>>> print(open('model_15.pdb').read())   # PDB, C-alpha atoms
ATOM      1  CA  MET A 664       0.000   0.000   0.000  1.00  0.00           C
ATOM      2  CA  SER A 665       1.192   3.514  -0.809  1.00  0.00           C
ATOM      3  CA  ARG A 666       0.515   6.696   1.130  1.00  0.00           C
ATOM      4  CA  ILE A 667       0.680  10.345   0.173  1.00  0.00           C
ATOM      5  CA  GLU A 668       0.381  13.017   2.842  1.00  0.00           C
ATOM      6  CA  LEU A 669       0.067  16.726   2.013  1.00  0.00           C
ATOM      7  CA  PHE A 670      -0.279  19.843   4.167  1.00  0.00           C
ATOM      8  CA  THR A 671      -1.752  23.061   2.786  1.00  0.00           C
ATOM      9  CA  LEU A 672      -2.159  26.293   4.761  1.00  0.00           C
ATOM     10  CA  ILE A 673      -5.174  28.338   3.713  1.00  0.00           C
ATOM     11  CA  GLN A 674      -6.153  31.792   4.951  1.00  0.00           C
ATOM     12  CA  ALA A 675      -9.834  30.907   5.325  1.00  0.00           C
ATOM     13  CA  PRO A 676     -11.994  29.277   8.008  1.00  0.00           C
ATOM     14  CA  PRO A 677     -12.160  25.461   8.308  1.00  0.00           C
ATOM     15  CA  GLU A 678     -15.856  25.365   7.343  1.00  0.00           C
ATOM     16  CA  ARG A 679     -15.144  27.039   3.996  1.00  0.00           C
ATOM     17  CA  CYS A 680     -12.147  24.797   3.269  1.00  0.00           C
ATOM     18  CA  PHE A 681     -14.133  21.691   4.242  1.00  0.00           C
ATOM     19  CA  ASP A 682     -17.034  22.578   1.964  1.00  0.00           C
ATOM     20  CA  LEU A 683     -14.825  23.549  -0.981  1.00  0.00           C
ATOM     21  CA  SER A 684     -12.995  20.222  -0.643  1.00  0.00           C
ATOM     22  CA  ARG A 685     -16.257  18.326  -1.127  1.00  0.00           C
ATOM     23  CA  SER A 686     -17.453  20.490  -4.025  1.00  0.00           C
ATOM     24  CA  ILE A 687     -17.870  18.469  -7.204  1.00  0.00           C
ATOM     25  CA  ASP A 688     -17.845  21.671  -9.261  1.00  0.00           C
ATOM     26  CA  LEU A 689     -14.487  22.823  -7.827  1.00  0.00           C
ATOM     27  CA  HIS A 690     -13.058  19.319  -8.249  1.00  0.00           C
ATOM     28  CA  VAL A 691     -13.862  19.467 -11.974  1.00  0.00           C
ATOM     29  CA  VAL A 692     -12.083  22.841 -12.278  1.00  0.00           C
ATOM     30  CA  SER A 693      -9.055  21.647 -10.283  1.00  0.00           C
ATOM     31  CA  THR A 694      -8.595  18.528 -12.440  1.00  0.00           C
ATOM     32  CA  ARG A 695      -9.212  20.112 -15.847  1.00  0.00           C
ATOM     33  CA  GLN A 696      -5.867  18.763 -17.139  1.00  0.00           C
ATOM     34  CA  THR A 697      -7.336  15.225 -17.012  1.00  0.00           C
ATOM     35  CA  GLY A 698     -10.739  16.205 -18.394  1.00  0.00           C
ATOM     36  CA  GLU A 699     -12.327  14.903 -15.210  1.00  0.00           C
ATOM     37  CA  ARG A 700     -16.094  15.144 -14.968  1.00  0.00           C
ATOM     38  CA  ALA A 701     -18.836  13.725 -12.768  1.00  0.00           C
ATOM     39  CA  VAL A 702     -20.907  11.265 -14.797  1.00  0.00           C
ATOM     40  CA  GLY A 703     -22.962   9.350 -12.236  1.00  0.00           C
ATOM     41  CA  ALA A 704     -24.726   9.519  -8.875  1.00  0.00           C
ATOM     42  CA  VAL A 705     -24.241  13.080  -7.526  1.00  0.00           C
ATOM     43  CA  THR A 706     -22.846  15.213 -10.368  1.00  0.00           C
ATOM     44  CA  SER A 707     -22.785  18.750  -8.931  1.00  0.00           C
ATOM     45  CA  GLY A 708     -22.846  20.632  -5.654  1.00  0.00           C
ATOM     46  CA  LEU A 709     -21.453  19.337  -2.346  1.00  0.00           C
ATOM     47  CA  LEU A 710     -21.047  15.675  -1.456  1.00  0.00           C
ATOM     48  CA  GLY A 711     -22.533  14.640   1.867  1.00  0.00           C
ATOM     49  CA  PRO A 712     -22.394  11.579   4.129  1.00  0.00           C
ATOM     50  CA  GLY A 713     -22.909   8.307   2.247  1.00  0.00           C
ATOM     51  CA  GLU A 714     -23.194   9.991  -1.149  1.00  0.00           C
ATOM     52  CA  GLU A 715     -21.378   8.689  -4.219  1.00  0.00           C
ATOM     53  CA  VAL A 716     -19.953  10.276  -7.324  1.00  0.00           C
ATOM     54  CA  THR A 717     -18.701   8.525 -10.454  1.00  0.00           C
ATOM     55  CA  TRP A 718     -15.821  10.296 -12.158  1.00  0.00           C
ATOM     56  CA  SER A 719     -14.622   9.925 -15.720  1.00  0.00           C
ATOM     57  CA  ALA A 720     -11.115  11.160 -16.529  1.00  0.00           C
ATOM     58  CA  ARG A 721      -8.199  10.538 -18.847  1.00  0.00           C
ATOM     59  CA  HIS A 722      -5.045   9.325 -17.101  1.00  0.00           C
ATOM     60  CA  PHE A 723      -2.003   8.106 -19.032  1.00  0.00           C
ATOM     61  CA  GLY A 724      -4.024   8.440 -22.251  1.00  0.00           C
ATOM     62  CA  ILE A 725      -6.773   6.068 -21.085  1.00  0.00           C
ATOM     63  CA  ARG A 726     -10.328   7.120 -20.231  1.00  0.00           C
ATOM     64  CA  GLN A 727     -11.196   5.632 -16.833  1.00  0.00           C
ATOM     65  CA  THR A 728     -14.163   5.718 -14.478  1.00  0.00           C
ATOM     66  CA  LEU A 729     -14.066   5.526 -10.703  1.00  0.00           C
ATOM     67  CA  THR A 730     -16.854   5.708  -8.135  1.00  0.00           C
ATOM     68  CA  SER A 731     -16.169   6.981  -4.645  1.00  0.00           C
ATOM     69  CA  ARG A 732     -18.385   7.306  -1.580  1.00  0.00           C
ATOM     70  CA  ILE A 733     -18.195   9.610   1.427  1.00  0.00           C
ATOM     71  CA  THR A 734     -17.565   7.022   4.162  1.00  0.00           C
ATOM     72  CA  ALA A 735     -16.737   9.340   7.090  1.00  0.00           C
ATOM     73  CA  PHE A 736     -18.117  12.822   7.720  1.00  0.00           C
ATOM     74  CA  ASP A 737     -17.464  15.140  10.669  1.00  0.00           C
ATOM     75  CA  ARG A 738     -17.966  18.730   9.448  1.00  0.00           C
ATOM     76  CA  PRO A 739     -15.755  20.798   9.580  1.00  0.00           C
ATOM     77  CA  ARG A 740     -12.938  18.549  10.847  1.00  0.00           C
ATOM     78  CA  HIS A 741     -12.753  15.465   8.620  1.00  0.00           C
ATOM     79  CA  PHE A 742     -14.253  13.497   5.785  1.00  0.00           C
ATOM     80  CA  ARG A 743     -13.151  10.439   3.837  1.00  0.00           C
ATOM     81  CA  ASP A 744     -13.914   9.407   0.310  1.00  0.00           C
ATOM     82  CA  SER A 745     -13.323   5.757  -0.516  1.00  0.00           C
ATOM     83  CA  MET A 746     -13.345   4.026  -3.879  1.00  0.00           C
ATOM     84  CA  VAL A 747     -16.228   1.594  -4.314  1.00  0.00           C
ATOM     85  CA  ARG A 748     -15.578   0.819  -8.010  1.00  0.00           C
ATOM     86  CA  GLY A 749     -12.561   1.544 -10.170  1.00  0.00           C
ATOM     87  CA  VAL A 750      -9.113   0.544 -11.318  1.00  0.00           C
ATOM     88  CA  PHE A 751      -7.380   0.549  -7.938  1.00  0.00           C
ATOM     89  CA  ARG A 752      -7.400  -2.418  -5.627  1.00  0.00           C
ATOM     90  CA  ARG A 753      -8.400   0.184  -3.043  1.00  0.00           C
ATOM     91  CA  PHE A 754      -8.068   3.828  -2.140  1.00  0.00           C
ATOM     92  CA  ASP A 755      -9.117   6.015   0.748  1.00  0.00           C
ATOM     93  CA  HIS A 756      -8.646   9.777   0.797  1.00  0.00           C
ATOM     94  CA  ASP A 757      -8.909  11.406   4.216  1.00  0.00           C
ATOM     95  CA  HIS A 758      -9.328  15.176   4.407  1.00  0.00           C
ATOM     96  CA  PHE A 759      -8.518  16.853   7.758  1.00  0.00           C
ATOM     97  CA  PHE A 760      -9.086  20.531   8.627  1.00  0.00           C
ATOM     98  CA  THR A 761      -7.547  22.212  11.676  1.00  0.00           C
ATOM     99  CA  ALA A 762      -7.945  25.871  12.615  1.00  0.00           C
ATOM    100  CA  ARG A 763      -4.557  27.635  12.728  1.00  0.00           C
ATOM    101  CA  GLY A 764      -4.848  31.259  13.824  1.00  0.00           C
ATOM    102  CA  GLU A 765      -6.941  33.063  11.199  1.00  0.00           C
ATOM    103  CA  GLY A 766      -6.694  30.172   8.767  1.00  0.00           C
ATOM    104  CA  THR A 767      -6.824  26.429   8.271  1.00  0.00           C
ATOM    105  CA  GLU A 768      -4.305  23.651   7.950  1.00  0.00           C
ATOM    106  CA  MET A 769      -5.689  21.236   5.398  1.00  0.00           C
ATOM    107  CA  ARG A 770      -4.127  17.778   5.577  1.00  0.00           C
ATOM    108  CA  ASP A 771      -4.713  15.124   2.936  1.00  0.00           C
ATOM    109  CA  VAL A 772      -3.868  11.481   3.561  1.00  0.00           C
ATOM    110  CA  PHE A 773      -4.266   9.392   0.421  1.00  0.00           C
ATOM    111  CA  ASP A 774      -3.813   5.622   0.823  1.00  0.00           C
ATOM    112  CA  PHE A 775      -3.985   3.520  -2.316  1.00  0.00           C
ATOM    113  CA  GLU A 776      -3.070   0.164  -3.734  1.00  0.00           C
ATOM    114  CA  SER A 777      -2.953  -0.845  -7.380  1.00  0.00           C
ATOM    115  CA  PRO A 778      -4.007  -4.276  -8.599  1.00  0.00           C
ATOM    116  CA  LEU A 779      -1.507  -6.863  -9.899  1.00  0.00           C
ATOM    117  CA  GLY A 780       0.381  -7.603  -6.654  1.00  0.00           C
ATOM    118  CA  PRO A 781       4.170  -7.026  -6.877  1.00  0.00           C
ATOM    119  CA  LEU A 782       3.920  -5.435 -10.331  1.00  0.00           C
ATOM    120  CA  GLY A 783       1.249  -3.033  -9.031  1.00  0.00           C
ATOM    121  CA  ARG A 784       3.450  -2.090  -6.057  1.00  0.00           C
ATOM    122  CA  LEU A 785       6.314  -1.344  -8.431  1.00  0.00           C
ATOM    123  CA  VAL A 786       4.068   0.870 -10.596  1.00  0.00           C
ATOM    124  CA  ASP A 787       2.842   2.646  -7.437  1.00  0.00           C
ATOM    125  CA  ALA A 788       6.394   3.405  -6.305  1.00  0.00           C
ATOM    126  CA  VAL A 789       7.860   4.328  -9.695  1.00  0.00           C
ATOM    127  CA  VAL A 790       4.973   6.170 -11.366  1.00  0.00           C
ATOM    128  CA  LEU A 791       1.726   6.601  -9.461  1.00  0.00           C
ATOM    129  CA  GLU A 792       2.937   8.160  -6.207  1.00  0.00           C
ATOM    130  CA  ARG A 793       4.515  11.103  -8.049  1.00  0.00           C
ATOM    131  CA  TYR A 794       1.620  11.422 -10.501  1.00  0.00           C
ATOM    132  CA  LEU A 795      -1.064  11.351  -7.793  1.00  0.00           C
ATOM    133  CA  ARG A 796       0.882  13.690  -5.504  1.00  0.00           C
ATOM    134  CA  ARG A 797       1.067  16.274  -8.294  1.00  0.00           C
ATOM    135  CA  LEU A 798      -2.647  15.839  -9.024  1.00  0.00           C
ATOM    136  CA  LEU A 799      -3.473  16.433  -5.340  1.00  0.00           C
ATOM    137  CA  GLU A 800      -1.106  19.421  -5.142  1.00  0.00           C
ATOM    138  CA  ARG A 801      -2.833  21.056  -8.123  1.00  0.00           C
ATOM    139  CA  ARG A 802      -6.219  20.383  -6.578  1.00  0.00           C
ATOM    140  CA  ASN A 803      -5.129  21.906  -3.252  1.00  0.00           C
ATOM    141  CA  GLU A 804      -3.689  24.966  -5.029  1.00  0.00           C
ATOM    142  CA  GLU A 805      -7.104  25.527  -6.598  1.00  0.00           C
ATOM    143  CA  ILE A 806      -8.947  25.042  -3.285  1.00  0.00           C
ATOM    144  CA  LYS A 807      -6.558  27.554  -1.674  1.00  0.00           C
ATOM    145  CA  ARG A 808      -6.979  30.067  -4.515  1.00  0.00           C
ATOM    146  CA  VAL A 809     -10.780  29.907  -4.337  1.00  0.00           C
ATOM    147  CA  ALA A 810     -10.976  29.866  -0.520  1.00  0.00           C
ATOM    148  CA  GLU A 811      -8.726  32.937  -0.192  1.00  0.00           C
ATOM    149  CA  SER A 812     -10.619  34.979  -2.796  1.00  0.00           C
ATOM    150  CA  GLU A 813     -14.255  35.921  -3.234  1.00  0.00           C
ATOM    151  CA  ALA A 814     -14.690  33.076  -5.758  1.00  0.00           C
ATOM    152  CA  TRP A 815     -15.810  30.686  -2.994  1.00  0.00           C
ATOM    153  CA  ARG A 816     -19.134  32.556  -2.842  1.00  0.00           C
ATOM    154  CA  ASP A 817     -20.060  31.284  -6.328  1.00  0.00           C
ATOM    155  CA  LEU A 818     -19.548  27.659  -5.250  1.00  0.00           C
ATOM    156  CA  LEU A 819     -21.011  27.747  -1.740  1.00  0.00           C
ATOM    157  CA  SER A 820     -23.963  30.113  -2.115  1.00  0.00           C
TER
END
>>> encode(input="model_15.pdb", output="structure tokens")
Amino acid sequence: MSRIELFTLIQAPPERCFDLSRSIDLHVVSTRQTGERAVGAVTSGLLGPGEEVTWSARHFGIRQTLTSRITAFDRPRHFRDSMVRGVFRRFDHDHFFTARGEGTEMRDVFDFESPLGPLGRLVDAVVLERYLRRLLERRNEEIKRVAESEAWRDLLS
């Protein structure tokens, strides 16, 4: 199993960061380089407890679909989305939000495992960890940009 952990400081309250992190519409904007879009279950707005979204995106030149479900929800401190169908053997993405002064420390913990046993572990270590880290960093940059500007009002009104 592989793990990616990221910390992002955002000058906005935890509630705003939490809600932007579960916004399907912001997710689509933050992953535009992969052409990601919501194609099933909940397809816009904010994901809530137990809700699912099916994503379609192009990664490594291949169109893929993946369905995830919100499996833990404690607003505004933590939520988890877990894959229920897709190419990975498994993945869980925990989102943690801690107030820090006037802002928020957003911590992502992304645990994943590819199929194919030893070959999958090699692909995880050599290719996927770096690729997924960069994808998450871009997403967090977009969350930070929106949360620290007035743009959040358009997504959370």
>>> resolve_selection(input="model_15.pdb", expression="the PyMOL selection byres ((chain A and resi 741-755) around 6)", output="MDAnalysis selection string")
chainID A and resid 729:737 740 756:759 773:778
>>> closest_atom_pairs(input="model_15.pdb", of="segment 678-731 of chain A", to="segment 797-814 of chain A", cutoff="9 Å", atoms="only C-alpha atoms", output="JSON lines")
{"residue": "A:Arg679", "atom": "CA", "partner": "A:Ala810", "partner_atom": "CA", "distance": 6.8}
{"residue": "A:Cys680", "atom": "CA", "partner": "A:Ala810", "partner_atom": "CA", "distance": 6.4}
{"residue": "A:Leu683", "atom": "CA", "partner": "A:Ile806", "partner_atom": "CA", "distance": 6.5}
{"residue": "A:Ser684", "atom": "CA", "partner": "A:Ile806", "partner_atom": "CA", "distance": 6.8}
{"residue": "A:Leu689", "atom": "CA", "partner": "A:Ile806", "partner_atom": "CA", "distance": 7.5}
{"residue": "A:His690", "atom": "CA", "partner": "A:Arg802", "partner_atom": "CA", "distance": 7.1}
{"residue": "A:Val692", "atom": "CA", "partner": "A:Glu805", "partner_atom": "CA", "distance": 8.0}
{"residue": "A:Ser693", "atom": "CA", "partner": "A:Arg802", "partner_atom": "CA", "distance": 4.8}
{"residue": "A:Thr694", "atom": "CA", "partner": "A:Arg802", "partner_atom": "CA", "distance": 6.6}
>>> atom_distance(input="model_15.pdb", atom1="atom CA of Pro677 of chain A", atom2="atom CA of Gly713 of chain A")
21.1 Å
>>> closest_residue(input="model_15.pdb", among="A:Leu709, A:Val716, A:Leu791, A:Leu669", to="Met769 of chain A", atoms="all atoms listed in the file")
A:Leu669
>>> resolve_selection(input="model_15.pdb", expression="the PyMOL selection byres ((chain A and resi 706) around 10)", output="list in words")
Ser686, Ile687, Asp688, Arg700, Ala701, Val702, Gly703, Ala704, Val705, Ser707, Gly708, Leu709, Leu710, Glu715, Val716, Thr717 and Trp718 of chain A
>>> write_last_selection(input="model_15.pdb", atoms="C-alpha atoms", output="PDB file, keeping the file's coordinate frame")
ATOM      1  CA  SER A 686     -17.453  20.490  -4.025  1.00  0.00           C
ATOM      2  CA  ILE A 687     -17.870  18.469  -7.204  1.00  0.00           C
ATOM      3  CA  ASP A 688     -17.845  21.671  -9.261  1.00  0.00           C
ATOM      4  CA  ARG A 700     -16.094  15.144 -14.968  1.00  0.00           C
ATOM      5  CA  ALA A 701     -18.836  13.725 -12.768  1.00  0.00           C
ATOM      6  CA  VAL A 702     -20.907  11.265 -14.797  1.00  0.00           C
ATOM      7  CA  GLY A 703     -22.962   9.350 -12.236  1.00  0.00           C
ATOM      8  CA  ALA A 704     -24.726   9.519  -8.875  1.00  0.00           C
ATOM      9  CA  VAL A 705     -24.241  13.080  -7.526  1.00  0.00           C
ATOM     10  CA  SER A 707     -22.785  18.750  -8.931  1.00  0.00           C
ATOM     11  CA  GLY A 708     -22.846  20.632  -5.654  1.00  0.00           C
ATOM     12  CA  LEU A 709     -21.453  19.337  -2.346  1.00  0.00           C
ATOM     13  CA  LEU A 710     -21.047  15.675  -1.456  1.00  0.00           C
ATOM     14  CA  GLU A 715     -21.378   8.689  -4.219  1.00  0.00           C
ATOM     15  CA  VAL A 716     -19.953  10.276  -7.324  1.00  0.00           C
ATOM     16  CA  THR A 717     -18.701   8.525 -10.454  1.00  0.00           C
ATOM     17  CA  TRP A 718     -15.821  10.296 -12.158  1.00  0.00           C
TER      18      TRP A 718
END
>>> atom_distance(input="model_15.pdb", atom1="atom CA of Glu714 of chain A", atom2="atom CA of Ser665 of chain A")
25.2 Å
>>> residues_around(input="model_15.pdb", residues="Phe681 of chain A", least_positions_apart="4", cutoff="7 Å", atoms="only C-alpha atoms", output="list in words")
Pro677, Arg685, Pro739 and Phe760 of chain A
>>> axis_aligned_box(input="model_15.pdb", around="segment 691-710 of chain A", padding_each_side="5 Å", output="AutoDock Vina command-line options")
--center_x -15.3 --center_y 16.1 --center_z -9.9 --size_x 28.9 --size_y 23.5 --size_z 26.9
>>> atom_distance(input="model_15.pdb", atom1="atom CA of Thr761 of chain A", atom2="atom CA of Glu668 of chain A")
15.0 Å
>>> residues_around(input="model_15.pdb", residues="Gly764 of chain A", least_positions_apart="3", cutoff="10 Å", atoms="all atoms listed in the file", output="ChimeraX atom specification")
/A:674-676,761,767-768
>>> closest_residue(input="model_15.pdb", among="A:Arg726, A:Pro712, A:Asp682, A:Leu779", to="Gly698 of chain A", atoms="all atoms listed in the file")
A:Arg726
>>> decode(input="model_15.pdb", residues="segment 772-797 of chain A", atoms="N, CA and C atoms", output="short mmCIF file (atom, residue, chain, number, x, y, z; two decimals), in the first residue's frame")
data_model
loop_
_atom_site.label_atom_id
_atom_site.label_comp_id
_atom_site.auth_asym_id
_atom_site.auth_seq_id
_atom_site.Cartn_x
_atom_site.Cartn_y
_atom_site.Cartn_z
N VAL A 772 -4.54 12.77 3.44
CA VAL A 772 -3.87 11.48 3.56
C VAL A 772 -4.53 10.57 2.54
N PHE A 773 -3.76 10.19 1.54
CA PHE A 773 -4.27 9.39 0.42
C PHE A 773 -3.58 8.04 0.44
N ASP A 774 -4.33 7.00 0.81
CA ASP A 774 -3.81 5.62 0.82
C ASP A 774 -4.38 4.89 -0.38
N PHE A 775 -3.50 4.23 -1.13
CA PHE A 775 -3.99 3.52 -2.32
C PHE A 775 -3.15 2.28 -2.58
N GLU A 776 -3.75 1.39 -3.34
CA GLU A 776 -3.07 0.16 -3.73
C GLU A 776 -3.56 -0.22 -5.12
N SER A 777 -2.62 -0.42 -6.03
CA SER A 777 -2.95 -0.84 -7.38
C SER A 777 -3.17 -2.35 -7.42
N PRO A 778 -3.88 -2.82 -8.44
CA PRO A 778 -4.01 -4.28 -8.60
C PRO A 778 -2.68 -4.87 -9.09
N LEU A 779 -2.63 -6.13 -9.29
CA LEU A 779 -1.51 -6.86 -9.90
C LEU A 779 -0.36 -7.16 -8.94
N GLY A 780 -0.61 -7.16 -7.63
CA GLY A 780 0.38 -7.60 -6.65
C GLY A 780 1.71 -6.88 -6.74
N PRO A 781 2.83 -7.64 -6.86
CA PRO A 781 4.17 -7.03 -6.88
C PRO A 781 4.36 -6.04 -8.04
N LEU A 782 3.81 -6.35 -9.19
CA LEU A 782 3.92 -5.44 -10.33
C LEU A 782 3.19 -4.13 -10.03
N GLY A 783 2.00 -4.22 -9.42
CA GLY A 783 1.25 -3.03 -9.03
C GLY A 783 2.00 -2.19 -8.02
N ARG A 784 2.67 -2.83 -7.05
CA ARG A 784 3.45 -2.09 -6.06
C ARG A 784 4.62 -1.36 -6.71
N LEU A 785 5.23 -1.98 -7.70
CA LEU A 785 6.31 -1.34 -8.43
C LEU A 785 5.80 -0.12 -9.20
N VAL A 786 4.66 -0.25 -9.87
CA VAL A 786 4.07 0.87 -10.60
C VAL A 786 3.71 1.99 -9.62
N ASP A 787 3.16 1.64 -8.45
CA ASP A 787 2.84 2.65 -7.44
C ASP A 787 4.08 3.45 -7.08
N ALA A 788 5.17 2.75 -6.78
CA ALA A 788 6.39 3.41 -6.31
C ALA A 788 7.08 4.22 -7.40
N VAL A 789 7.10 3.70 -8.62
CA VAL A 789 7.86 4.33 -9.70
C VAL A 789 7.07 5.43 -10.40
N VAL A 790 5.75 5.25 -10.54
CA VAL A 790 4.97 6.17 -11.37
C VAL A 790 3.84 6.85 -10.61
N LEU A 791 2.98 6.06 -9.98
CA LEU A 791 1.73 6.60 -9.46
C LEU A 791 1.88 7.54 -8.27
N GLU A 792 2.79 7.27 -7.36
CA GLU A 792 2.94 8.16 -6.21
C GLU A 792 3.24 9.59 -6.66
N ARG A 793 4.16 9.77 -7.56
CA ARG A 793 4.51 11.10 -8.05
C ARG A 793 3.35 11.73 -8.82
N TYR A 794 2.73 10.94 -9.69
CA TYR A 794 1.62 11.42 -10.50
C TYR A 794 0.45 11.87 -9.62
N LEU A 795 0.06 11.03 -8.66
CA LEU A 795 -1.06 11.35 -7.79
C LEU A 795 -0.74 12.50 -6.84
N ARG A 796 0.49 12.57 -6.36
CA ARG A 796 0.88 13.69 -5.50
C ARG A 796 0.71 15.01 -6.27
N ARG A 797 1.18 15.05 -7.49
CA ARG A 797 1.07 16.27 -8.29
C ARG A 797 -0.40 16.62 -8.56
#
